[in-house]
$ cat my_file10.cif   # mmCIF, C-alpha atoms
data_work
#
loop_
_atom_site.label_atom_id
_atom_site.label_comp_id
_atom_site.auth_asym_id
_atom_site.auth_seq_id
_atom_site.Cartn_x
_atom_site.Cartn_y
_atom_site.Cartn_z
CA MET A 1 -30.83 -9.24 7.66
CA ALA A 2 -27.29 -8.16 6.83
CA THR A 3 -24.83 -7.43 9.59
CA ILE A 4 -23.16 -4.03 9.53
CA ARG A 5 -19.85 -3.62 11.32
CA ILE A 6 -19.57 -0.11 12.69
CA PRO A 7 -16.18 1.61 13.01
CA PRO A 8 -15.31 3.24 16.35
CA VAL A 9 -15.81 6.73 14.96
CA LEU A 10 -19.46 5.95 14.12
CA ARG A 11 -20.42 3.97 17.21
CA PRO A 12 -21.65 6.98 19.20
CA SER A 13 -24.22 7.44 16.43
CA VAL A 14 -25.59 3.91 16.85
CA GLY A 15 -25.80 3.78 20.61
CA GLY A 16 -22.29 2.44 21.01
CA GLU A 17 -22.88 -0.81 19.16
CA ARG A 18 -20.06 -2.52 17.23
CA GLU A 19 -22.54 -4.34 14.98
CA VAL A 20 -26.07 -3.60 13.93
CA GLU A 21 -28.41 -5.44 11.61
CA ALA A 22 -30.42 -3.98 8.80
CA ASP A 23 -32.53 -5.29 5.97
CA GLY A 24 -32.12 -4.58 2.32
CA ALA A 25 -31.50 -6.16 -1.06
CA THR A 26 -28.72 -3.76 -1.96
CA VAL A 27 -25.99 -1.91 -0.12
CA GLY A 28 -27.94 1.29 -0.61
CA ASP A 29 -31.09 -0.23 0.90
CA VAL A 30 -29.21 -1.60 3.89
CA LEU A 31 -27.50 1.73 4.58
CA SER A 32 -30.77 3.63 4.16
CA ASN A 33 -32.36 1.36 6.73
CA LEU A 34 -29.38 1.93 9.01
CA VAL A 35 -29.87 5.69 8.68
CA ALA A 36 -33.60 5.34 9.29
CA ALA A 37 -32.90 3.49 12.53
CA HIS A 38 -30.00 5.76 13.51
CA PRO A 39 -30.47 9.22 11.93
CA ALA A 40 -27.24 10.52 13.42
CA THR A 41 -25.32 8.42 10.90
CA ARG A 42 -26.77 10.18 7.88
CA ASP A 43 -24.42 13.13 7.63
CA GLN A 44 -21.36 11.02 8.27
CA LEU A 45 -22.22 8.39 5.68
CA PHE A 46 -23.80 10.41 2.91
CA GLY A 47 -23.25 13.71 1.18
CA GLU A 48 -26.04 16.10 0.24
CA ASP A 49 -26.23 14.48 -3.19
CA GLY A 50 -27.11 11.12 -1.64
CA ASP A 51 -23.78 9.55 -2.60
CA LEU A 52 -21.50 7.94 -0.10
CA ASN A 53 -19.16 10.37 1.67
CA ARG A 54 -15.88 10.07 -0.22
CA TYR A 55 -14.00 9.35 3.00
CA VAL A 56 -16.22 6.38 3.79
CA ASN A 57 -15.45 2.95 2.44
CA VAL A 58 -18.13 0.29 2.55
CA TYR A 59 -17.15 -3.31 2.02
CA LEU A 60 -19.37 -6.23 1.15
CA ASN A 61 -17.62 -8.78 3.33
CA ASP A 62 -14.09 -7.67 2.37
CA GLU A 63 -14.61 -6.05 -1.05
CA ASP A 64 -15.01 -2.32 -1.55
CA VAL A 65 -18.48 -1.81 -3.06
CA ARG A 66 -17.30 1.22 -5.05
CA VAL A 67 -15.37 -1.25 -7.20
CA LEU A 68 -18.40 -3.57 -7.43
CA ASP A 69 -21.78 -1.98 -8.16
CA GLY A 70 -21.63 0.80 -5.61
CA LEU A 71 -24.83 1.32 -3.66
CA ALA A 72 -26.58 -1.02 -6.12
CA THR A 73 -24.39 -3.95 -5.07
CA ALA A 74 -26.62 -6.88 -4.14
CA VAL A 75 -26.61 -8.05 -0.52
CA SER A 76 -27.78 -11.35 0.93
CA GLY A 77 -28.66 -12.17 4.51
CA ALA A 78 -25.38 -13.97 5.05
CA ASP A 79 -23.35 -10.92 4.08
CA ALA A 80 -21.62 -8.45 6.33
CA LEU A 81 -21.18 -4.83 5.43
CA VAL A 82 -18.06 -3.31 6.92
CA ILE A 83 -17.86 0.46 7.15
CA LEU A 84 -14.34 1.84 7.42
CA PRO A 85 -12.82 5.29 7.20
CA ALA A 86 -10.57 5.93 4.22
CA MET A 87 -7.02 5.97 5.48
CA ALA A 88 -3.97 6.19 3.32
CA GLY A 89 -1.17 3.70 3.35
CA GLY A 90 2.54 4.44 3.32
CA ALA A 91 4.17 6.37 6.10
CA ARG A 92 2.64 5.36 9.36
CA PRO A 93 3.27 5.13 13.06
CA SER A 94 4.68 1.70 13.62
CA LEU A 95 5.52 -0.65 16.48
CA ARG A 96 5.69 0.81 19.94
CA GLY A 97 8.88 0.14 21.88
CA MET B 1 44.52 -25.37 -24.70
CA THR B 2 42.33 -22.22 -24.90
CA VAL B 3 39.68 -21.85 -22.25
CA PRO B 4 36.29 -21.24 -23.82
CA PRO B 5 34.71 -17.93 -22.87
CA ILE B 6 32.13 -17.93 -20.14
CA GLU B 7 28.88 -16.76 -21.65
CA ARG B 8 26.27 -16.09 -19.04
CA ARG B 9 25.16 -12.59 -19.83
CA PRO B 10 22.83 -10.95 -19.07
CA CYS B 11 23.85 -11.08 -15.40
CA ALA B 12 21.53 -8.35 -14.03
CA GLY B 13 23.56 -5.55 -15.57
CA ARG B 14 26.55 -3.35 -14.88
CA TYR B 15 25.97 0.11 -13.45
CA THR B 16 28.13 3.11 -12.70
CA ASP B 17 26.04 4.17 -9.70
CA LEU B 18 23.85 2.38 -7.18
CA VAL B 19 20.89 4.61 -8.11
CA ASP B 20 21.06 3.42 -11.72
CA SER B 21 20.70 -0.19 -10.58
CA ILE B 22 17.19 0.43 -9.20
CA GLY B 23 14.51 -1.72 -10.80
CA ASN B 24 14.83 -4.74 -13.11
CA THR B 25 13.74 -6.97 -10.26
CA PRO B 26 13.15 -10.70 -10.72
CA LEU B 27 9.84 -12.50 -11.03
CA ILE B 28 9.73 -15.64 -8.91
CA GLU B 29 7.11 -18.33 -9.44
CA LEU B 30 5.57 -19.52 -6.16
CA LYS B 31 4.57 -23.06 -7.06
CA ARG B 32 3.53 -24.15 -3.57
CA LEU B 33 1.07 -21.29 -3.15
CA SER B 34 -0.58 -21.86 -6.50
CA PRO B 35 -4.24 -22.72 -5.82
CA LYS B 36 -4.61 -24.99 -8.86
CA PRO B 37 -2.75 -26.33 -11.87
CA GLY B 38 -2.77 -23.81 -14.66
CA VAL B 39 -2.71 -20.80 -12.33
CA ARG B 40 0.79 -19.48 -11.87
CA ILE B 41 1.52 -17.12 -8.99
CA TRP B 42 4.46 -14.80 -9.59
CA ALA B 43 6.12 -12.61 -6.98
CA LYS B 44 7.92 -9.53 -8.27
CA LEU B 45 10.73 -9.10 -5.79
CA GLU B 46 10.89 -5.36 -5.24
CA SER B 47 12.76 -6.24 -2.07
CA MET B 48 15.78 -6.74 -4.36
CA ASN B 49 16.12 -3.02 -4.92
CA PRO B 50 19.19 -1.36 -3.36
CA THR B 51 17.57 -0.22 -0.10
CA GLY B 52 15.27 -3.22 0.01
CA SER B 53 11.94 -1.85 -1.19
CA ILE B 54 9.85 -0.80 -4.16
CA LYS B 55 10.14 2.79 -2.96
CA ASP B 56 13.58 3.04 -4.49
CA ARG B 57 11.80 3.40 -7.83
CA VAL B 58 9.54 6.14 -6.50
CA ALA B 59 12.25 8.07 -4.70
CA LYS B 60 14.47 7.98 -7.79
CA ALA B 61 11.58 9.24 -9.92
CA LEU B 62 10.63 11.98 -7.46
CA ILE B 63 14.16 13.38 -7.35
CA GLU B 64 15.01 12.97 -11.03
CA ASN B 65 11.67 14.47 -12.05
CA ALA B 66 12.41 17.49 -9.86
CA GLU B 67 15.88 17.79 -11.36
CA GLU B 68 14.56 17.58 -14.93
CA LYS B 69 11.99 20.28 -14.24
CA GLY B 70 14.48 22.54 -12.51
CA LEU B 71 12.56 22.36 -9.24
CA ILE B 72 15.61 21.71 -7.11
CA SER B 73 19.09 23.18 -7.08
CA PRO B 74 22.35 21.45 -6.25
CA GLY B 75 22.64 21.05 -2.50
CA GLN B 76 19.01 22.04 -1.80
CA THR B 77 17.39 20.40 1.21
CA ILE B 78 14.67 17.88 0.42
CA LEU B 79 11.82 17.60 2.96
CA GLU B 80 9.30 14.72 3.03
CA PRO B 81 6.87 13.27 5.56
CA THR B 82 7.53 9.54 5.81
CA SER B 83 8.71 7.06 8.35
CA GLY B 84 8.65 4.19 5.97
CA ASN B 85 10.38 2.92 2.93
CA THR B 86 10.09 6.14 0.96
CA GLY B 87 12.15 7.95 3.55
CA ILE B 88 14.82 5.28 3.50
CA SER B 89 14.95 5.28 -0.29
CA LEU B 90 15.09 9.05 -0.43
CA ALA B 91 17.87 9.02 2.16
CA MET B 92 20.07 6.80 0.02
CA ILE B 93 19.35 8.62 -3.21
CA CYS B 94 19.73 12.09 -1.73
CA ALA B 95 23.03 11.05 -0.17
CA ARG B 96 24.25 9.79 -3.56
CA LYS B 97 23.14 12.94 -5.31
CA GLY B 98 24.28 15.45 -2.70
CA TYR B 99 20.94 16.72 -1.39
CA PRO B 100 20.50 17.02 2.39
CA LEU B 101 17.29 15.23 3.43
CA LYS B 102 14.91 16.05 6.28
CA VAL B 103 12.35 13.39 7.07
CA VAL B 104 9.30 14.23 9.19
CA MET B 105 7.96 11.19 10.93
CA PRO B 106 5.88 10.18 13.94
CA ASP B 107 7.92 9.69 17.08
CA ASN B 108 6.77 6.12 17.70
CA VAL B 109 8.51 4.26 14.90
CA THR B 110 10.62 1.13 15.19
CA PRO B 111 14.32 1.38 15.99
CA GLU B 112 15.11 -0.22 12.62
CA ARG B 113 13.54 2.62 10.69
CA THR B 114 15.33 5.28 12.72
CA GLN B 115 18.64 3.51 12.27
CA LEU B 116 18.23 3.08 8.54
CA LEU B 117 17.41 6.75 8.07
CA LYS B 118 20.38 7.84 10.14
CA MET B 119 22.69 5.36 8.39
CA TYR B 120 21.96 7.05 5.09
CA GLY B 121 22.47 10.48 6.61
CA ALA B 122 18.90 11.78 6.88
CA GLU B 123 17.98 14.37 9.49
CA ILE B 124 14.86 13.33 11.39
CA VAL B 125 12.19 15.74 12.62
CA TYR B 126 9.64 14.05 14.87
CA SER B 127 5.92 14.72 14.80
CA PRO B 128 3.53 13.61 17.57
CA GLY B 129 3.09 9.84 17.38
CA ASP B 130 -0.57 9.99 18.30
CA GLN B 131 -1.27 12.05 15.19
CA GLY B 132 0.13 9.37 12.93
CA SER B 133 0.99 10.05 9.34
CA ASN B 134 -1.55 12.86 9.12
CA GLY B 135 0.48 14.67 11.78
CA ALA B 136 3.73 14.13 9.90
CA VAL B 137 2.19 15.39 6.65
CA ALA B 138 0.74 18.45 8.38
CA MET B 139 4.04 19.30 10.05
CA ALA B 140 5.99 18.89 6.83
CA LEU B 141 3.53 21.09 4.94
CA GLU B 142 3.90 23.78 7.60
CA MET B 143 7.68 23.59 7.43
CA ALA B 144 7.66 23.79 3.63
CA ALA B 145 5.28 26.77 3.68
CA ALA B 146 7.45 28.59 6.20
CA ASP B 147 10.77 28.04 4.43
CA ALA B 148 11.01 28.31 0.66
CA SER B 149 14.46 26.77 0.65
CA TYR B 150 12.92 23.30 1.10
CA TYR B 151 11.71 21.14 -1.75
CA MET B 152 9.00 18.66 -0.79
CA PRO B 153 8.40 15.91 -3.36
CA TYR B 154 5.12 14.78 -1.66
CA GLN B 155 4.77 11.21 -2.91
CA TYR B 156 1.00 11.16 -2.24
CA GLY B 157 0.30 13.78 -4.87
CA ASN B 158 3.27 13.64 -7.23
CA GLU B 159 2.66 12.13 -10.66
CA ALA B 160 6.27 11.00 -10.81
CA ASN B 161 5.26 8.29 -8.33
CA PRO B 162 2.83 6.36 -10.58
CA ARG B 163 4.91 7.19 -13.63
CA ALA B 164 7.85 5.26 -12.15
CA HIS B 165 5.64 2.18 -12.23
CA TYR B 166 4.06 2.96 -15.59
CA GLU B 167 7.50 3.14 -17.17
CA GLY B 168 9.35 0.64 -14.98
CA THR B 169 7.49 -1.97 -12.97
CA ALA B 170 4.74 -2.53 -15.53
CA VAL B 171 7.06 -2.81 -18.51
CA GLU B 172 9.31 -5.31 -16.76
CA ILE B 173 6.36 -7.58 -16.00
CA LEU B 174 5.04 -7.36 -19.55
CA GLU B 175 8.46 -8.16 -20.96
CA GLU B 176 9.10 -11.13 -18.70
CA LEU B 177 5.68 -12.72 -19.23
CA ASP B 178 5.35 -11.74 -22.91
CA GLY B 179 2.23 -9.79 -22.06
CA ASN B 180 0.46 -12.81 -20.56
CA VAL B 181 -0.85 -11.34 -17.33
CA ALA B 182 -4.30 -12.32 -16.12
CA ALA B 183 -4.20 -10.39 -12.86
CA PHE B 184 -1.97 -7.93 -11.06
CA VAL B 185 -2.18 -7.46 -7.31
CA ALA B 186 -0.48 -4.74 -5.30
CA GLY B 187 -0.93 -2.92 -2.04
CA LEU B 188 -2.92 0.28 -1.89
CA GLY B 189 -0.85 2.82 -0.02
CA THR B 190 -0.07 6.00 -1.90
CA GLY B 191 -1.66 4.34 -4.91
CA GLY B 192 1.40 4.84 -7.07
CA THR B 193 2.09 1.20 -7.92
CA LEU B 194 -1.51 0.38 -8.73
CA MET B 195 -2.20 3.50 -10.72
CA GLY B 196 1.00 3.34 -12.75
CA VAL B 197 0.81 -0.36 -13.51
CA ALA B 198 -2.95 -0.28 -14.10
CA ARG B 199 -2.66 2.48 -16.69
CA ARG B 200 0.09 0.67 -18.56
CA PHE B 201 -1.57 -2.75 -18.39
CA LYS B 202 -4.95 -1.42 -19.49
CA GLU B 203 -3.29 0.35 -22.43
CA GLU B 204 -1.41 -2.77 -23.48
CA LEU B 205 -3.82 -5.56 -22.47
CA GLY B 206 -7.23 -3.94 -22.18
CA ASP B 207 -9.84 -5.63 -20.05
CA SER B 208 -8.13 -9.03 -20.28
CA VAL B 209 -6.10 -8.08 -17.19
CA MET B 210 -7.62 -7.67 -13.75
CA ILE B 211 -6.16 -4.99 -11.50
CA VAL B 212 -6.61 -5.80 -7.83
CA ALA B 213 -5.83 -3.66 -4.81
CA ALA B 214 -5.04 -5.19 -1.45
CA GLU B 215 -5.54 -2.67 1.30
CA PRO B 216 -4.81 -2.75 4.98
CA MET B 217 -7.75 -3.03 7.33
CA GLN B 218 -6.39 -0.96 10.15
CA GLY B 219 -7.03 -2.32 13.59
CA GLU B 220 -9.48 -0.38 15.71
CA PRO B 221 -6.82 1.21 17.94
CA VAL B 222 -5.49 2.92 14.82
CA GLN B 223 -8.82 4.35 13.67
CA GLY B 224 -8.57 7.28 16.02
CA LEU B 225 -10.57 9.70 13.93
CA ARG B 226 -12.91 12.36 15.25
CA SER B 227 -15.12 11.98 12.24
CA LEU B 228 -15.11 10.15 8.96
CA ASP B 229 -14.13 13.42 7.28
CA ASP B 230 -10.75 13.08 8.96
CA GLY B 231 -9.92 10.36 6.47
CA PHE B 232 -7.36 10.80 3.74
CA ILE B 233 -7.30 9.70 0.13
CA PRO B 234 -4.07 10.31 -1.76
CA PRO B 235 -4.71 12.63 -4.69
CA ILE B 236 -3.11 10.27 -7.21
CA ILE B 237 -5.68 7.51 -6.67
CA ASP B 238 -8.25 6.98 -9.42
CA ILE B 239 -10.45 4.16 -8.21
CA SER B 240 -11.95 3.60 -11.67
CA LEU B 241 -8.69 1.91 -12.67
CA LEU B 242 -9.27 -0.89 -10.17
CA ASP B 243 -11.26 -4.04 -10.88
CA ARG B 244 -11.27 -5.31 -7.29
CA LYS B 245 -10.33 -3.77 -3.96
CA ILE B 246 -10.07 -6.14 -1.03
CA PHE B 247 -9.04 -5.46 2.53
CA VAL B 248 -6.81 -7.72 4.56
CA THR B 249 -6.80 -7.78 8.34
CA ASN B 250 -3.55 -7.41 10.26
CA ARG B 251 -3.89 -10.99 11.42
CA ASP B 252 -4.24 -12.39 7.93
CA ALA B 253 -1.38 -10.24 6.69
CA VAL B 254 0.93 -11.64 9.34
CA VAL B 255 -0.26 -15.23 8.77
CA TRP B 256 0.44 -14.95 5.07
CA THR B 257 3.79 -13.27 5.61
CA ARG B 258 4.72 -16.40 7.53
CA ARG B 259 3.34 -18.59 4.75
CA LEU B 260 5.58 -16.84 2.25
CA LEU B 261 8.53 -17.66 4.46
CA ASP B 262 7.54 -21.16 5.54
CA GLU B 263 6.22 -22.43 2.21
CA GLU B 264 8.24 -20.51 -0.32
CA GLY B 265 11.36 -19.41 1.56
CA LEU B 266 10.50 -15.81 0.85
CA PHE B 267 11.46 -13.38 3.64
CA ALA B 268 9.12 -10.47 3.01
CA GLY B 269 7.49 -7.61 4.86
CA VAL B 270 3.93 -7.65 6.13
CA SER B 271 2.29 -5.87 3.22
CA SER B 272 3.65 -8.59 0.93
CA GLY B 273 1.90 -11.24 2.98
CA ALA B 274 -1.36 -9.35 2.67
CA ILE B 275 -0.94 -8.95 -1.07
CA ALA B 276 -0.05 -12.63 -1.47
CA ARG B 277 -3.26 -13.59 0.32
CA VAL B 278 -5.30 -11.61 -2.17
CA ALA B 279 -3.27 -12.87 -5.12
CA VAL B 280 -3.90 -16.51 -4.22
CA ARG B 281 -7.60 -15.81 -3.73
CA ILE B 282 -7.81 -14.17 -7.14
CA GLY B 283 -5.93 -17.12 -8.59
CA SER B 284 -8.40 -19.55 -7.03
CA GLU B 285 -11.21 -17.82 -8.97
CA MET B 286 -9.55 -18.43 -12.34
CA ASP B 287 -9.08 -21.52 -14.43
CA GLU B 288 -5.64 -20.57 -15.64
CA GLY B 289 -3.30 -17.65 -16.09
CA ASN B 290 -0.48 -15.68 -14.58
CA VAL B 291 -1.18 -13.76 -11.39
CA VAL B 292 1.56 -11.29 -10.55
CA PHE B 293 1.86 -9.68 -7.14
CA ILE B 294 4.32 -7.25 -5.64
CA VAL B 295 6.67 -8.13 -2.80
CA CYS B 296 7.17 -4.57 -1.60
CA ASP B 297 10.00 -5.07 0.82
CA ASP B 298 11.95 -7.63 2.76
CA GLY B 299 11.40 -8.52 6.39
CA TRP B 300 14.40 -7.00 8.13
CA LYS B 301 12.55 -3.95 9.42
CA TYR B 302 9.93 -6.12 11.08
CA LEU B 303 12.24 -8.57 12.85
CA SER B 304 11.88 -6.89 16.23
CA SER B 305 8.15 -7.67 16.18
CA GLY B 306 8.80 -11.41 16.46
CA LEU B 307 6.20 -12.09 13.76
CA TYR B 308 8.49 -14.52 11.94
CA THR B 309 9.02 -16.74 14.96
CA LEU B 310 6.07 -16.30 17.32
CA PRO B 311 2.57 -17.73 16.93
CA VAL B 312 0.52 -14.95 15.40
CA ASP B 313 -1.64 -14.49 18.49
CA GLU B 314 1.49 -13.80 20.53
CA VAL B 315 2.66 -10.96 18.29
CA GLU B 316 2.46 -7.86 20.45
CA ASN B 317 0.33 -4.94 19.39
CA LEU B 318 -1.01 -6.88 16.40
CA GLU B 319 -4.08 -4.62 16.13
CA SER B 320 -2.52 -1.34 17.23
CA THR B 321 0.40 -1.57 14.84
CA VAL B 322 0.20 -0.02 11.41
CA TRP B 323 2.17 -2.64 9.55
CA TRP B 324 2.00 -1.17 6.03
#
$ encode --input "my_file10.cif" --output "structure tokens"
Amino acid sequence: MATIRIPPVLRPSVGGEREVEADGATVGDVLSNLVAAHPATRDQLFGEDGDLNRYVNVYLNDEDVRVLDGLATAVSGADALVILPAMAGGARPSLRG
Amino acid sequence: MTVPPIERRPCAGRYTDLVDSIGNTPLIELKRLSPKPGVRIWAKLESMNPTGSIKDRVAKALIENAEEKGLISPGQTILEPTSGNTGISLAMICARKGYPLKVVMPDNVTPERTQLLKMYGAEIVYSPGDQGSNGAVAMALEMAAADASYYMPYQYGNEANPRAHYEGTAVEILEELDGNVAAFVAGLGTGGTLMGVARRFKEELGDSVMIVAAEPMQGEPVQGLRSLDDGFIPPIIDISLLDRKIFVTNRDAVVWTRRLLDEEGLFAGVSSGAIARVAVRIGSEMDEGNVVFIVCDDGWKYLSSGLYTLPVDEVENLESTVWW
């Protein structure tokens, strides 16, 4: 079972959990199983065409799967999938005080 | 007896204006961070630009592109959302060229950034800190829409940004290493550096060069989105130009920023530490070759954080700070 790290914005859709586990041989399979277990994640993760929402980044451990094999990227049981929102770099709020 | 002439040119050039001296930054080999013999790690010191960051190239290109296209008039006010290096670079260049500059930025930035902007004469308009850069962009867009006298370069969507790297940064690296570049690693912010260098490298070197993006993994306190659709992807980014895209946690970025200082004597900003981490990892996967990474800025703006002297776990607000 792969571990999926859930970003804060998605946690309400998975019962508040920071991490969930799901089976699957590919990223697509794992995410489909996540959606099957937590249907509220579907519309946030996927568009109507079945592709990943463009503002969602999914990482296999620390590598963006879009730059690997996308949803066909192979996953093993020791892997973690990390879901993160796409956020631009550059001008940002910085240190407080 | 005649004294023989001293012949040590080139000596980094002679320029009639500070703006013209932007670019032509040195490549420094980091021998101690090399993961294995045969793999050479090179840092391109963009911190050696006049205001201390790679954004000098971008700001120069944004303004000169606008001038060439007749988009700005003498004395016109330039407006841009940025609290970071782009604002500082624009402030210097606009001051040199006679354009008043208004910078829109979140109200929770470090004192160093505010001082640097004011030093170069920029006027600062504050946006709500809790809305982050999205808030600054939104406010600047509103201001530009309401007043046609402003010109907003908008680095996130302006092709002059990647073109500065296509024509400048990339060519310098190719020249210095005679085209022998196995991998190039840069930070993914606006996307300008990666897109510009990637296009040039792929044209000149084809698939023999690997283009790698290091991106910040923002700490959870920063991910204050209502939904994933609140994300933002700069329009200039074309992900198909990347061969790898790897995130770096804030903790690792700070650890590696310290490694650059402690092991190589290189005083760099936090994004440079993150990029170095990825560069060394990429190097460890090769047998041999040159791995070039960008040192985006120096460390002066981050001094007040204590990250150069404190143990990393004592750095305040490590996860809530947006370091790059």
$ axis_aligned_box --input "my_file10.cif" --around "range 28-34 of chain B" --padding-each-side "4 Å" --output "JSON"
{"center_x": 4.6, "center_y": -19.9, "center_z": -6.3, "size_x": 18.3, "size_y": 16.5, "size_z": 14.3}
$ residues_around --input "my_file10.cif" --residues "range 163-169 of chain B" --least-positions-apart "2" --cutoff "10 Å" --atoms "all atoms listed in the file" --output "number ranges by chain"
B: 22-25, 44, 46, 54-62, 65, 158-161, 171-174, 192-201, 294
$ write_last_selection --input "my_file10.cif" --atoms "C-alpha atoms" --output "short mmCIF file (atom, residue, chain, number, x, y, z; two decimals), in the coordinates of the input"
data_model
loop_
_atom_site.label_atom_id
_atom_site.label_comp_id
_atom_site.auth_asym_id
_atom_site.auth_seq_id
_atom_site.Cartn_x
_atom_site.Cartn_y
_atom_site.Cartn_z
CA ILE B 22 17.19 0.43 -9.20
CA GLY B 23 14.51 -1.72 -10.80
CA ASN B 24 14.83 -4.74 -13.11
CA THR B 25 13.74 -6.97 -10.26
CA LYS B 44 7.92 -9.53 -8.27
CA GLU B 46 10.89 -5.36 -5.24
CA ILE B 54 9.85 -0.80 -4.16
CA LYS B 55 10.14 2.79 -2.96
CA ASP B 56 13.58 3.04 -4.49
CA ARG B 57 11.80 3.40 -7.83
CA VAL B 58 9.54 6.14 -6.50
CA ALA B 59 12.25 8.07 -4.70
CA LYS B 60 14.47 7.98 -7.79
CA ALA B 61 11.58 9.24 -9.92
CA LEU B 62 10.63 11.98 -7.46
CA ASN B 65 11.67 14.47 -12.05
CA ASN B 158 3.27 13.64 -7.23
CA GLU B 159 2.66 12.13 -10.66
CA ALA B 160 6.27 11.00 -10.81
CA ASN B 161 5.26 8.29 -8.33
CA VAL B 171 7.06 -2.81 -18.51
CA GLU B 172 9.31 -5.31 -16.76
CA ILE B 173 6.36 -7.58 -16.00
CA LEU B 174 5.04 -7.36 -19.55
CA GLY B 192 1.40 4.84 -7.07
CA THR B 193 2.09 1.20 -7.92
CA LEU B 194 -1.51 0.38 -8.73
CA MET B 195 -2.20 3.50 -10.72
CA GLY B 196 1.00 3.34 -12.75
CA VAL B 197 0.81 -0.36 -13.51
CA ALA B 198 -2.95 -0.28 -14.10
CA ARG B 199 -2.66 2.48 -16.69
CA ARG B 200 0.09 0.67 -18.56
CA PHE B 201 -1.57 -2.75 -18.39
CA ILE B 294 4.32 -7.25 -5.64
#
$ residues_around --input "my_file10.cif" --residues "Ala78 in chain A" --least-positions-apart "5" --cutoff "9 Å" --atoms "all atoms listed in the file" --output "PDB file with C-alpha atoms, in the coordinates of the input"
ATOM      1  CA  MET A   1     -30.830  -9.240   7.660  1.00  0.00           C
ATOM      2  CA  ALA A   2     -27.290  -8.160   6.830  1.00  0.00           C
ATOM      3  CA  THR A   3     -24.830  -7.430   9.590  1.00  0.00           C
TER       4      THR A   3
END
$ closest_residue --input "my_file10.cif" --among "B:Gly52, B:Pro5, B:Pro153, B:Pro216" --to "Glu64 in chain B" --atoms "only C-alpha atoms"
B:Pro153
$ resolve_selection --input "my_file10.cif" --expression "the PyMOL selection byres ((chain B and resi 149) around 10)" --output "PDB file with C-alpha atoms, in the coordinates of the input"
ATOM      1  CA  ILE B  72      15.610  21.710  -7.110  1.00  0.00           C
ATOM      2  CA  SER B  73      19.090  23.180  -7.080  1.00  0.00           C
ATOM      3  CA  GLN B  76      19.010  22.040  -1.800  1.00  0.00           C
ATOM      4  CA  THR B  77      17.390  20.400   1.210  1.00  0.00           C
ATOM      5  CA  ILE B  78      14.670  17.880   0.420  1.00  0.00           C
ATOM      6  CA  LEU B  79      11.820  17.600   2.960  1.00  0.00           C
ATOM      7  CA  ALA B 144       7.660  23.790   3.630  1.00  0.00           C
ATOM      8  CA  ALA B 145       5.280  26.770   3.680  1.00  0.00           C
ATOM      9  CA  ALA B 146       7.450  28.590   6.200  1.00  0.00           C
ATOM     10  CA  ASP B 147      10.770  28.040   4.430  1.00  0.00           C
ATOM     11  CA  ALA B 148      11.010  28.310   0.660  1.00  0.00           C
ATOM     12  CA  TYR B 150      12.920  23.300   1.100  1.00  0.00           C
ATOM     13  CA  TYR B 151      11.710  21.140  -1.750  1.00  0.00           C
ATOM     14  CA  MET B 152       9.000  18.660  -0.790  1.00  0.00           C
TER      15      MET B 152
END
$ atom_distance --input "my_file10.cif" --atom1 "CA of Gly132 in chain B" --atom2 "CA of Asp313 in chain B"
24.6 Å
$ resolve_selection --input "my_file10.cif" --expression "the PyMOL selection byres ((chain B and resi 280) around 9)" --output "PyMOL selection string"
chain B and resi 33-35+41+275-279+281-285+291
$ resolve_selection --input "my_file10.cif" --expression "the PyMOL selection byres ((chain B and resi 83-87) around 8)" --output "list in words"
Gly90, Ala91, Arg92 and Pro93 of chain A; Ser53, Lys55, Asp56, Val58, Ala59, Glu80, Pro81, Thr82, Ile88, Ser89, Leu90, Ala91, Val103, Val104, Met105, Pro106, Val109, Arg113 and Leu117 of chain B
$ atom_distance --input "my_file10.cif" --atom1 "CA of Glu63 in chain A" --atom2 "CA of Asp287 in chain B"
21.2 Å
$ closest_residue --input "my_file10.cif" --among "B:Asp130, B:Asp20, B:Asp178, B:Glu204" --to "chain A" --atoms "only C-alpha atoms"
B:Asp130
$ closest_residue --input "my_file10.cif" --among "A:Asp62, A:Asp51, A:Asp43, A:Asp69" --to "Leu81 in chain A" --atoms "only C-alpha atoms"
A:Asp62
$ atom_distance --input "my_file10.cif" --atom1 "CA of Leu242 in chain B" --atom2 "CA of Gly206 in chain B"
12.6 Å
$ residues_near_point --input "my_file10.cif" --point "(-20.7, 1.4, 15.7)" --cutoff "12 Å" --atoms "all atoms listed in the file" --output "number ranges by chain"
A: 3-21, 34, 38, 40-41, 82-84; B: 220
$ closest_residue --input "my_file10.cif" --among "A:Ala74, A:Ala80, A:Val67, A:Leu52" --to "chain B" --atoms "all atoms listed in the file"
A:Val67
$ residues_around --input "my_file10.cif" --residues "Ala213 in chain B" --least-positions-apart "3" --cutoff "9 Å" --atoms "all atoms listed in the file" --output "PDB file with C-alpha atoms, keeping the file's coordinate frame"
ATOM      1  CA  PHE B 184      -1.970  -7.930 -11.060  1.00  0.00           C
ATOM      2  CA  VAL B 185      -2.180  -7.460  -7.310  1.00  0.00           C
ATOM      3  CA  ALA B 186      -0.480  -4.740  -5.300  1.00  0.00           C
ATOM      4  CA  GLY B 187      -0.930  -2.920  -2.040  1.00  0.00           C
ATOM      5  CA  LEU B 188      -2.920   0.280  -1.890  1.00  0.00           C
ATOM      6  CA  LEU B 194      -1.510   0.380  -8.730  1.00  0.00           C
ATOM      7  CA  LEU B 242      -9.270  -0.890 -10.170  1.00  0.00           C
ATOM      8  CA  ASP B 243     -11.260  -4.040 -10.880  1.00  0.00           C
ATOM      9  CA  ARG B 244     -11.270  -5.310  -7.290  1.00  0.00           C
ATOM     10  CA  LYS B 245     -10.330  -3.770  -3.960  1.00  0.00           C
ATOM     11  CA  ILE B 246     -10.070  -6.140  -1.030  1.00  0.00           C
ATOM     12  CA  PHE B 247      -9.040  -5.460   2.530  1.00  0.00           C
ATOM     13  CA  ILE B 275      -0.940  -8.950  -1.070  1.00  0.00           C
ATOM     14  CA  VAL B 278      -5.300 -11.610  -2.170  1.00  0.00           C
TER      15      VAL B 278
END
